[in-house]
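Worksheet: one structure, shown below.
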Amino acid sequence: MLNSANVIDVLDPMSGLVLAGEAGGRPTFALWRDGAVRLLDDRLAENSRRELPLDDDVRVLAASGLDLLILASSGGLVIAGEEVVTVPGLPADAAALLGGLLVVAVPDGERHRLLALDSATGAILDDQAVDAADAGAFLHRHPAGDTAILKLAMGQDGVLAFRVDVEGSRLHLTEILAGDDPVIAGFSPSGARLLVTPYPSDPETVRMLSWPDLREISRLDASDVDAEYGFGLAGCWIDDDRVAVHATEDALIVTDENFDSSERVALPIDLGDEGDIETLTHLGSGSVAVGAWTPAGRVTLVVRLIEGKGCD
C-alpha cells in the first residue's frame, strides 16, 4: 500500500473528543475546555464554542453540533439544548443519541444501568441493568444512528459487549461476542464492518467482523506484522478501505479492510522507551488523531495517512 503519514498539526492532549455530527459534509467534534464546549473541525481546529455555567470537572458524552450537548458533571447529567437541564444523581460515563432518544450509561455499584431519556426534559423513559462490577462504559453509535454497541470494560475481569436497539421509548439489549472479551474499536464509515482489537491479556489478534451478523471476515495476527508485544487497545478506521491499529511499544500499523496488506507507518515523534500510542480516532477524509504519551508528555497528532501506489 505504501502509506505515508503527513502530520498536519501537533496539539495539546485532547482526551474526551466526541463526534458531534457533520458540517458541510465533514465531521465535527466536541470537547470541553476552559468553561466551554468547543466545536472542532476535522483537523481539530476550533470553529465555534458554547459557554456553559459549569465547573471544570466536566466531560462531553455526546453532541449534535452545539445545539444539543450531553455532559457529565459533578452535579449530575447535563443536557444543554434550547434549555439547560441538569439531572442530579446520574454520574453517567457514556451517552449516545439513538432513534430520537438519549441513551445514557450510569455506573451503579456492581452493575451498570442503561437509561433511555427524553432529550429535552431528562425524564427517564426506560431503565435496564447489566451486571458489570467496576466497569467503565463506552457507547459506539452505528453511522446510521439507529443502534449502538455498549462496551463495558471491567479491568482484569474482561469486557462485555451488548447491541443496543431503541424500540419506541424502550431499550432492547442483546449480548454479543460473549466470552471473547471484545474491545470494540468502531464501525466502518459505511457501517458494514466492525473493527475489534484484542484484550490486553491476549493481545495477539485484531479481528474484522461483518455487521450486523458479526461474522468474522478476517484476522490480523501479531506474527503477521512482527509485533513482538502484540497489539494495543487503540484502533480506528482511516476510511472505508483502511484501518489503523497499534503494535504495542512499536509502531502504528496501517492495513486494508481485509488485512491482506499491512505496513508500519513512521510518525515524527520520539516515544522513547516508555512512550506509546494511547488512542486512535477517525477524523474522516483519510485522517486520524493519534493520542500519544512521550517522554515530554502527552500530545495529540492530526495525521493524514496518504495511500501511495505500489510499484511492480
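Lettering and numbering for the C-alpha cells are positional, with chains as A, B, ... in the shown order, residues counted from 1 in each chain, and ligands counted from 1 in the shown order.
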
Which of stretch 41-289 of chain A fall in helix (DSSP H, G or I), as a PyMOL selection string: chain A and resi 155-157+222-225

Contact residues around A:Pro198 with only C-alpha atoms at 8 Å, ignoring same-chain residues under 4 positions, as an NGL selection string: :A and (181-183 or 202-206 or 231-233)

Residue selection dump (C-alpha atoms) as a PDB file, in the first residue's frame:
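Contents of the output file part_28.pdb:
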```
ATOM      1  CA  ASP A 181     -13.559 -10.022  25.753  1.00  0.00           C
ATOM      2  CA  PRO A 182     -14.145  -7.839  22.667  1.00  0.00           C
ATOM      3  CA  VAL A 183     -12.533  -4.404  22.609  1.00  0.00           C
ATOM      4  CA  ASP A 202      -4.397 -11.966  24.965  1.00  0.00           C
ATOM      5  CA  PRO A 203      -3.120  -9.214  22.648  1.00  0.00           C
ATOM      6  CA  GLU A 204      -2.262 -11.342  19.636  1.00  0.00           C
ATOM      7  CA  THR A 205      -5.164 -10.838  17.197  1.00  0.00           C
ATOM      8  CA  VAL A 206      -7.165  -7.988  15.637  1.00  0.00           C
ATOM      9  CA  PHE A 231      -1.493  -5.174  19.713  1.00  0.00           C
ATOM     10  CA  GLY A 232      -2.707  -2.381  21.976  1.00  0.00           C
ATOM     11  CA  LEU A 233      -6.293  -1.335  22.610  1.00  0.00           C
TER      12      LEU A 233
END
```

Spatial neighbours of A:Leu301, max dist 9 Å, only C-alpha atoms, sep filter under 2 positions, as a PyMOL selection string: chain A and resi 7-13+288-292+299+303

Selection file, N, CA and C atoms, as a PDB file, in the first residue's frame:
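Printed below is out.pdb as written:
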```pdb
ATOM      1  N   VAL A   7       1.866  14.796   8.952  1.00  0.00           N
ATOM      2  CA  VAL A   7       1.402  15.364  10.218  1.00  0.00           C
ATOM      3  C   VAL A   7       0.936  16.794   9.974  1.00  0.00           C
ATOM      4  N   ILE A   8      -0.368  17.001  10.135  1.00  0.00           N
ATOM      5  CA  ILE A   8      -0.977  18.308   9.879  1.00  0.00           C
ATOM      6  C   ILE A   8      -0.772  19.247  11.060  1.00  0.00           C
ATOM      7  N   ASP A   9      -0.830  18.686  12.274  1.00  0.00           N
ATOM      8  CA  ASP A   9      -0.693  19.538  13.458  1.00  0.00           C
ATOM      9  C   ASP A   9      -0.303  18.678  14.649  1.00  0.00           C
ATOM     10  N   VAL A  10       0.376  19.295  15.607  1.00  0.00           N
ATOM     11  CA  VAL A  10       0.688  18.678  16.892  1.00  0.00           C
ATOM     12  C   VAL A  10       0.038  19.549  17.960  1.00  0.00           C
ATOM     13  N   LEU A  11      -0.874  18.960  18.719  1.00  0.00           N
ATOM     14  CA  LEU A  11      -1.723  19.716  19.634  1.00  0.00           C
ATOM     15  C   LEU A  11      -1.554  19.220  21.066  1.00  0.00           C
ATOM     16  N   ASP A  12      -2.069  20.016  22.001  1.00  0.00           N
ATOM     17  CA  ASP A  12      -2.160  19.562  23.380  1.00  0.00           C
ATOM     18  C   ASP A  12      -3.062  18.332  23.440  1.00  0.00           C
ATOM     19  N   PRO A  13      -2.935  17.511  24.490  1.00  0.00           N
ATOM     20  CA  PRO A  13      -3.762  16.304  24.577  1.00  0.00           C
ATOM     21  C   PRO A  13      -5.243  16.642  24.523  1.00  0.00           C
ATOM     22  N   VAL A 288      -6.514  10.749  10.922  1.00  0.00           N
ATOM     23  CA  VAL A 288      -6.769  10.230  12.262  1.00  0.00           C
ATOM     24  C   VAL A 288      -6.114  11.150  13.280  1.00  0.00           C
ATOM     25  N   ALA A 289      -6.637  11.110  14.499  1.00  0.00           N
ATOM     26  CA  ALA A 289      -5.994  11.767  15.634  1.00  0.00           C
ATOM     27  C   ALA A 289      -5.264  10.700  16.433  1.00  0.00           C
ATOM     28  N   VAL A 290      -3.975  10.912  16.649  1.00  0.00           N
ATOM     29  CA  VAL A 290      -3.142   9.973  17.386  1.00  0.00           C
ATOM     30  C   VAL A 290      -2.842  10.576  18.752  1.00  0.00           C
ATOM     31  N   GLY A 291      -3.391   9.973  19.791  1.00  0.00           N
ATOM     32  CA  GLY A 291      -3.073  10.392  21.153  1.00  0.00           C
ATOM     33  C   GLY A 291      -1.875   9.608  21.642  1.00  0.00           C
ATOM     34  N   ALA A 292      -0.783  10.283  21.949  1.00  0.00           N
ATOM     35  CA  ALA A 292       0.469   9.598  22.287  1.00  0.00           C
ATOM     36  C   ALA A 292       1.029  10.101  23.608  1.00  0.00           C
ATOM     37  N   VAL A 299       0.582  14.250  23.836  1.00  0.00           N
ATOM     38  CA  VAL A 299       0.278  15.114  22.699  1.00  0.00           C
ATOM     39  C   VAL A 299      -0.798  14.445  21.852  1.00  0.00           C
ATOM     40  N   VAL A 303      -3.027  13.495  11.823  1.00  0.00           N
ATOM     41  CA  VAL A 303      -2.212  12.836  10.809  1.00  0.00           C
ATOM     42  C   VAL A 303      -3.080  12.449   9.615  1.00  0.00           C
TER      43      VAL A 303
END
```

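Among A:Leu160, A:Asp42, A:Gly24, A:Ala129, the residue with the shortest atom-to-atom distance to A:Gly286, counting only C-alpha atoms, is A:Asp42.
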
Closest of A:Ser188, A:Ser210, A:Ser201, A:Thr255 to A:Asp240 - atom-to-atom distances counting only C-alpha atoms: A:Ser188

Neighbour list for stretch 268-273 of chain A as a VMD selection string, cut-off 9 Å, only C-alpha atoms, skip fewer than 2 positions in-chain: chain A and resid 5 7 249 266 275 to 277 292 to 296

Would you save the residues from that selection as a PDB file, in the first residue's frame, using N, CA and C atoms?
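Below is the file result-v6.pdb, written as the result:
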```pdb
ATOM      1  N   ALA A   5       2.696   9.151   6.341  1.00  0.00           N
ATOM      2  CA  ALA A   5       1.996   9.998   7.306  1.00  0.00           C
ATOM      3  C   ALA A   5       2.376  11.454   7.109  1.00  0.00           C
ATOM      4  N   VAL A   7       1.866  14.796   8.952  1.00  0.00           N
ATOM      5  CA  VAL A   7       1.402  15.364  10.218  1.00  0.00           C
ATOM      6  C   VAL A   7       0.936  16.794   9.974  1.00  0.00           C
ATOM      7  N   GLU A 249       4.274  -0.728  22.007  1.00  0.00           N
ATOM      8  CA  GLU A 249       5.671  -0.308  22.170  1.00  0.00           C
ATOM      9  C   GLU A 249       6.462  -0.468  20.878  1.00  0.00           C
ATOM     10  N   ALA A 266       5.749   5.354   9.909  1.00  0.00           N
ATOM     11  CA  ALA A 266       6.563   6.129  10.842  1.00  0.00           C
ATOM     12  C   ALA A 266       5.863   7.428  11.210  1.00  0.00           C
ATOM     13  N   GLY A 275       7.267   5.681  26.105  1.00  0.00           N
ATOM     14  CA  GLY A 275       6.128   6.271  25.420  1.00  0.00           C
ATOM     15  C   GLY A 275       5.356   5.246  24.611  1.00  0.00           C
ATOM     16  N   ASP A 276       4.147   5.626  24.216  1.00  0.00           N
ATOM     17  CA  ASP A 276       3.331   4.709  23.426  1.00  0.00           C
ATOM     18  C   ASP A 276       2.130   5.449  22.854  1.00  0.00           C
ATOM     19  N   ILE A 277       1.487   4.823  21.900  1.00  0.00           N
ATOM     20  CA  ILE A 277       0.234   5.347  21.349  1.00  0.00           C
ATOM     21  C   ILE A 277      -0.909   4.909  22.254  1.00  0.00           C
ATOM     22  N   ALA A 292      -0.783  10.283  21.949  1.00  0.00           N
ATOM     23  CA  ALA A 292       0.469   9.598  22.287  1.00  0.00           C
ATOM     24  C   ALA A 292       1.029  10.101  23.608  1.00  0.00           C
ATOM     25  N   TRP A 293       1.662   9.166  24.313  1.00  0.00           N
ATOM     26  CA  TRP A 293       2.425   9.507  25.503  1.00  0.00           C
ATOM     27  C   TRP A 293       3.898   9.484  25.121  1.00  0.00           C
ATOM     28  N   THR A 294       4.590  10.586  25.336  1.00  0.00           N
ATOM     29  CA  THR A 294       6.001  10.693  25.001  1.00  0.00           C
ATOM     30  C   THR A 294       6.781  11.080  26.266  1.00  0.00           C
ATOM     31  N   PRO A 295       8.090  10.954  26.247  1.00  0.00           N
ATOM     32  CA  PRO A 295       8.874  11.393  27.413  1.00  0.00           C
ATOM     33  C   PRO A 295       8.631  12.853  27.775  1.00  0.00           C
ATOM     34  N   ALA A 296       8.215  13.665  26.790  1.00  0.00           N
ATOM     35  CA  ALA A 296       7.964  15.081  27.056  1.00  0.00           C
ATOM     36  C   ALA A 296       6.535  15.345  27.518  1.00  0.00           C
TER      37      ALA A 296
END
```

Neighbour list for A:Leu101 as a list in words, cut-off 9 Å, only C-alpha atoms, skip fewer than 4 positions in-chain: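 Listed by chain and then number, they are Ala96, Leu97, Ala116, Leu117, Asp118, Ser119, Val166, Gly168 and Ser169 of chain A.
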
N, CA and C atoms of the current selection, written as a compact mmCIF listing (two decimals), in the first residue's frame:
```txt
# COMPACT_ATOMS: atom_id res chain seq x y z
N ALA A 96 -25.29 8.33 24.05
CA ALA A 96 -25.44 8.37 22.59
C ALA A 96 -26.86 8.81 22.27
N LEU A 97 -27.01 9.50 21.14
CA LEU A 97 -28.32 9.90 20.65
C LEU A 97 -28.76 8.85 19.64
N ALA A 116 -32.94 5.21 28.91
CA ALA A 116 -33.46 5.99 27.79
C ALA A 116 -34.11 7.23 28.37
N LEU A 117 -33.65 8.41 27.92
CA LEU A 117 -34.16 9.67 28.46
C LEU A 117 -34.79 10.50 27.35
N ASP A 118 -35.75 11.32 27.75
CA ASP A 118 -36.24 12.37 26.86
C ASP A 118 -35.14 13.41 26.74
N SER A 119 -34.69 13.68 25.51
CA SER A 119 -33.53 14.56 25.34
C SER A 119 -33.83 16.02 25.62
N VAL A 166 -33.26 0.77 19.96
CA VAL A 166 -34.36 1.55 20.51
C VAL A 166 -35.64 1.14 19.80
N GLY A 168 -39.38 2.36 20.03
CA GLY A 168 -40.25 3.36 20.64
C GLY A 168 -39.50 4.09 21.73
N SER A 169 -39.97 3.96 22.96
CA SER A 169 -39.26 4.57 24.09
C SER A 169 -38.57 3.51 24.94
```

Expected answer as a ChimeraX atom specification: strand (DSSP E or B) residues in stretch 34-204 of chain A: /A:36-40,46-51,58-64,68-73,76-80,84-87,94-98,101-108,111-117,124-131,136-141,147-153,159-167,170-175,183-187,193-197

Could you pull the residues within 12 Å of A:Gly136, counting only C-alpha atoms, minus those fewer than 4 positions along the same chain, as a PDB file with N, CA and C atoms, in the first residue's frame?
```pdb
ATOM      1  N   PRO A  91     -24.405   9.918  37.590  1.00  0.00           N
ATOM      2  CA  PRO A  91     -22.984  10.059  37.247  1.00  0.00           C
ATOM      3  C   PRO A  91     -22.655   9.289  35.972  1.00  0.00           C
ATOM      4  N   ALA A  92     -23.179   9.724  34.857  1.00  0.00           N
ATOM      5  CA  ALA A  92     -23.057   8.987  33.599  1.00  0.00           C
ATOM      6  C   ALA A  92     -21.610   8.921  33.121  1.00  0.00           C
ATOM      7  N   ASP A  93     -21.253   7.804  32.478  1.00  0.00           N
ATOM      8  CA  ASP A  93     -19.923   7.695  31.893  1.00  0.00           C
ATOM      9  C   ASP A  93     -19.962   7.448  30.385  1.00  0.00           C
ATOM     10  N   ALA A  94     -21.157   7.366  29.778  1.00  0.00           N
ATOM     11  CA  ALA A  94     -21.264   7.245  28.320  1.00  0.00           C
ATOM     12  C   ALA A  94     -22.668   7.645  27.909  1.00  0.00           C
ATOM     13  N   ALA A 105     -25.417   5.596  29.901  1.00  0.00           N
ATOM     14  CA  ALA A 105     -24.910   4.531  30.775  1.00  0.00           C
ATOM     15  C   ALA A 105     -24.477   5.141  32.099  1.00  0.00           C
ATOM     16  N   VAL A 106     -24.903   4.499  33.204  1.00  0.00           N
ATOM     17  CA  VAL A 106     -24.644   5.026  34.538  1.00  0.00           C
ATOM     18  C   VAL A 106     -24.128   3.906  35.440  1.00  0.00           C
ATOM     19  N   PRO A 107     -22.931   4.034  36.013  1.00  0.00           N
ATOM     20  CA  PRO A 107     -22.464   3.020  36.960  1.00  0.00           C
ATOM     21  C   PRO A 107     -23.295   3.050  38.237  1.00  0.00           C
ATOM     22  N   ASP A 108     -23.601   1.851  38.751  1.00  0.00           N
ATOM     23  CA  ASP A 108     -24.450   1.740  39.938  1.00  0.00           C
ATOM     24  C   ASP A 108     -24.002   0.525  40.749  1.00  0.00           C
ATOM     25  N   GLY A 109     -22.936   0.708  41.522  1.00  0.00           N
ATOM     26  CA  GLY A 109     -22.424  -0.384  42.350  1.00  0.00           C
ATOM     27  C   GLY A 109     -21.863  -1.506  41.506  1.00  0.00           C
ATOM     28  N   GLU A 110     -22.411  -2.714  41.662  1.00  0.00           N
ATOM     29  CA  GLU A 110     -21.939  -3.903  40.960  1.00  0.00           C
ATOM     30  C   GLU A 110     -22.555  -4.046  39.570  1.00  0.00           C
ATOM     31  N   ARG A 111     -23.243  -3.029  39.110  1.00  0.00           N
ATOM     32  CA  ARG A 111     -23.900  -3.114  37.807  1.00  0.00           C
ATOM     33  C   ARG A 111     -23.804  -1.783  37.079  1.00  0.00           C
ATOM     34  N   HIS A 112     -24.225  -1.782  35.819  1.00  0.00           N
ATOM     35  CA  HIS A 112     -24.397  -0.559  35.049  1.00  0.00           C
ATOM     36  C   HIS A 112     -25.863  -0.461  34.636  1.00  0.00           C
ATOM     37  N   ARG A 113     -26.415   0.734  34.772  1.00  0.00           N
ATOM     38  CA  ARG A 113     -27.769   0.982  34.269  1.00  0.00           C
ATOM     39  C   ARG A 113     -27.671   1.641  32.897  1.00  0.00           C
ATOM     40  N   ALA A 132     -22.065  -5.755  35.972  1.00  0.00           N
ATOM     41  CA  ALA A 132     -20.712  -5.460  35.484  1.00  0.00           C
ATOM     42  C   ALA A 132     -19.991  -4.677  36.566  1.00  0.00           C
ATOM     43  N   LEU A 150     -22.813  -1.164  23.310  1.00  0.00           N
ATOM     44  CA  LEU A 150     -22.381  -0.801  24.656  1.00  0.00           C
ATOM     45  C   LEU A 150     -21.227  -1.716  25.041  1.00  0.00           C
ATOM     46  N   LYS A 151     -20.081  -1.119  25.323  1.00  0.00           N
ATOM     47  CA  LYS A 151     -18.908  -1.878  25.787  1.00  0.00           C
ATOM     48  C   LYS A 151     -18.700  -1.570  27.261  1.00  0.00           C
ATOM     49  N   LEU A 152     -18.578  -2.616  28.067  1.00  0.00           N
ATOM     50  CA  LEU A 152     -18.341  -2.474  29.495  1.00  0.00           C
ATOM     51  C   LEU A 152     -16.988  -3.104  29.816  1.00  0.00           C
ATOM     52  N   ALA A 153     -16.004  -2.251  30.077  1.00  0.00           N
ATOM     53  CA  ALA A 153     -14.653  -2.708  30.373  1.00  0.00           C
ATOM     54  C   ALA A 153     -14.500  -2.853  31.883  1.00  0.00           C
ATOM     55  N   MET A 154     -14.184  -4.082  32.323  1.00  0.00           N
ATOM     56  CA  MET A 154     -14.170  -4.395  33.752  1.00  0.00           C
ATOM     57  C   MET A 154     -12.768  -4.682  34.270  1.00  0.00           C
ATOM     58  N   GLY A 155     -11.765  -4.036  33.695  1.00  0.00           N
ATOM     59  CA  GLY A 155     -10.402  -4.235  34.156  1.00  0.00           C
ATOM     60  C   GLY A 155      -9.959  -5.674  33.949  1.00  0.00           C
ATOM     61  N   ASP A 157     -11.251  -8.281  34.876  1.00  0.00           N
ATOM     62  CA  ASP A 157     -12.378  -9.213  34.714  1.00  0.00           C
ATOM     63  C   ASP A 157     -12.894  -9.264  33.287  1.00  0.00           C
ATOM     64  N   GLY A 158     -12.271  -8.535  32.365  1.00  0.00           N
ATOM     65  CA  GLY A 158     -12.632  -8.663  30.966  1.00  0.00           C
ATOM     66  C   GLY A 158     -13.575  -7.587  30.456  1.00  0.00           C
ATOM     67  N   VAL A 159     -14.221  -7.883  29.336  1.00  0.00           N
ATOM     68  CA  VAL A 159     -15.088  -6.932  28.641  1.00  0.00           C
ATOM     69  C   VAL A 159     -16.404  -7.618  28.269  1.00  0.00           C
ATOM     70  N   LEU A 160     -17.503  -6.891  28.445  1.00  0.00           N
ATOM     71  CA  LEU A 160     -18.808  -7.321  27.951  1.00  0.00           C
ATOM     72  C   LEU A 160     -19.243  -6.365  26.852  1.00  0.00           C
ATOM     73  N   ALA A 161     -19.990  -6.883  25.868  1.00  0.00           N
ATOM     74  CA  ALA A 161     -20.499  -6.045  24.790  1.00  0.00           C
ATOM     75  C   ALA A 161     -21.955  -6.391  24.520  1.00  0.00           C
TER      76      ALA A 161
END
```

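Within the 7 Å cut-off around A:Thr28, using only C-alpha atoms and omitting residues fewer than 4 positions from it on the same chain, the listed residues are Leu19, Ala20, Gly21, Glu22, Ala23, Leu39, Leu40, Asp41 and Asp42 of chain A.
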
Please produce a file of the residues just selected, as a short mmCIF file (atom, residue, chain, number, x, y, z; two decimals), in the first residue's frame, where the atoms kept are N, CA, C and O atoms.
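Written output follows (selection.cif):
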```cif
data_model
loop_
_atom_site.label_atom_id
_atom_site.label_comp_id
_atom_site.auth_asym_id
_atom_site.auth_seq_id
_atom_site.Cartn_x
_atom_site.Cartn_y
_atom_site.Cartn_z
N LEU A 19 -17.51 12.78 18.63
CA LEU A 19 -18.10 13.11 17.33
C LEU A 19 -19.38 13.92 17.54
O LEU A 19 -20.24 13.54 18.34
N ALA A 20 -19.52 15.03 16.79
CA ALA A 20 -20.65 15.94 17.00
C ALA A 20 -21.48 16.14 15.73
O ALA A 20 -22.16 17.14 15.59
N GLY A 21 -21.43 15.18 14.81
CA GLY A 21 -22.18 15.31 13.57
C GLY A 21 -21.31 15.85 12.45
O GLY A 21 -20.07 15.73 12.49
N GLU A 22 -21.94 16.45 11.45
CA GLU A 22 -21.22 16.96 10.29
C GLU A 22 -21.58 18.41 10.03
O GLU A 22 -22.66 18.88 10.39
N ALA A 23 -20.66 19.10 9.37
CA ALA A 23 -20.88 20.46 8.88
C ALA A 23 -20.29 20.53 7.49
O ALA A 23 -19.10 20.26 7.31
N LEU A 39 -16.45 23.39 19.44
CA LEU A 39 -16.77 22.61 18.26
C LEU A 39 -15.58 22.69 17.32
O LEU A 39 -15.17 23.78 16.90
N LEU A 40 -15.02 21.52 16.99
CA LEU A 40 -13.79 21.43 16.21
C LEU A 40 -14.07 20.84 14.84
O LEU A 40 -14.98 20.02 14.67
N ASP A 41 -13.26 21.23 13.86
CA ASP A 41 -13.41 20.66 12.53
C ASP A 41 -12.62 19.36 12.42
O ASP A 41 -12.09 18.86 13.42
N ASP A 42 -12.51 18.81 11.20
CA ASP A 42 -11.86 17.51 11.05
C ASP A 42 -10.33 17.60 11.08
O ASP A 42 -9.65 16.60 10.87
#
```

Computed interatomic separation between atom CA of A:Asp239 and atom CA of A:Ala192 (Å): 12.4 Å

Selected residue, from A:Leu2, A:Leu54, A:Val302, A:Ile184, that lies nearest to A:Cys236 when counting only C-alpha atoms: A:Ile184

Nearest candidate to A:Ser190 (options A:Gly284, A:Arg207, A:Thr300, A:Gly122; using only C-alpha atoms):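 The closest residue to A:Ser190 is A:Gly284.
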
Separation of atom CA of A:Ser74 from atom CA of A:Leu31 in Å: 16.8 Å

Best match for closeness to A:Asp55 among A:Arg43, A:Gly35, A:Val130, A:Gly191, counting only C-alpha atoms: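 Result for the nearest residue to A:Asp55: A:Gly35.
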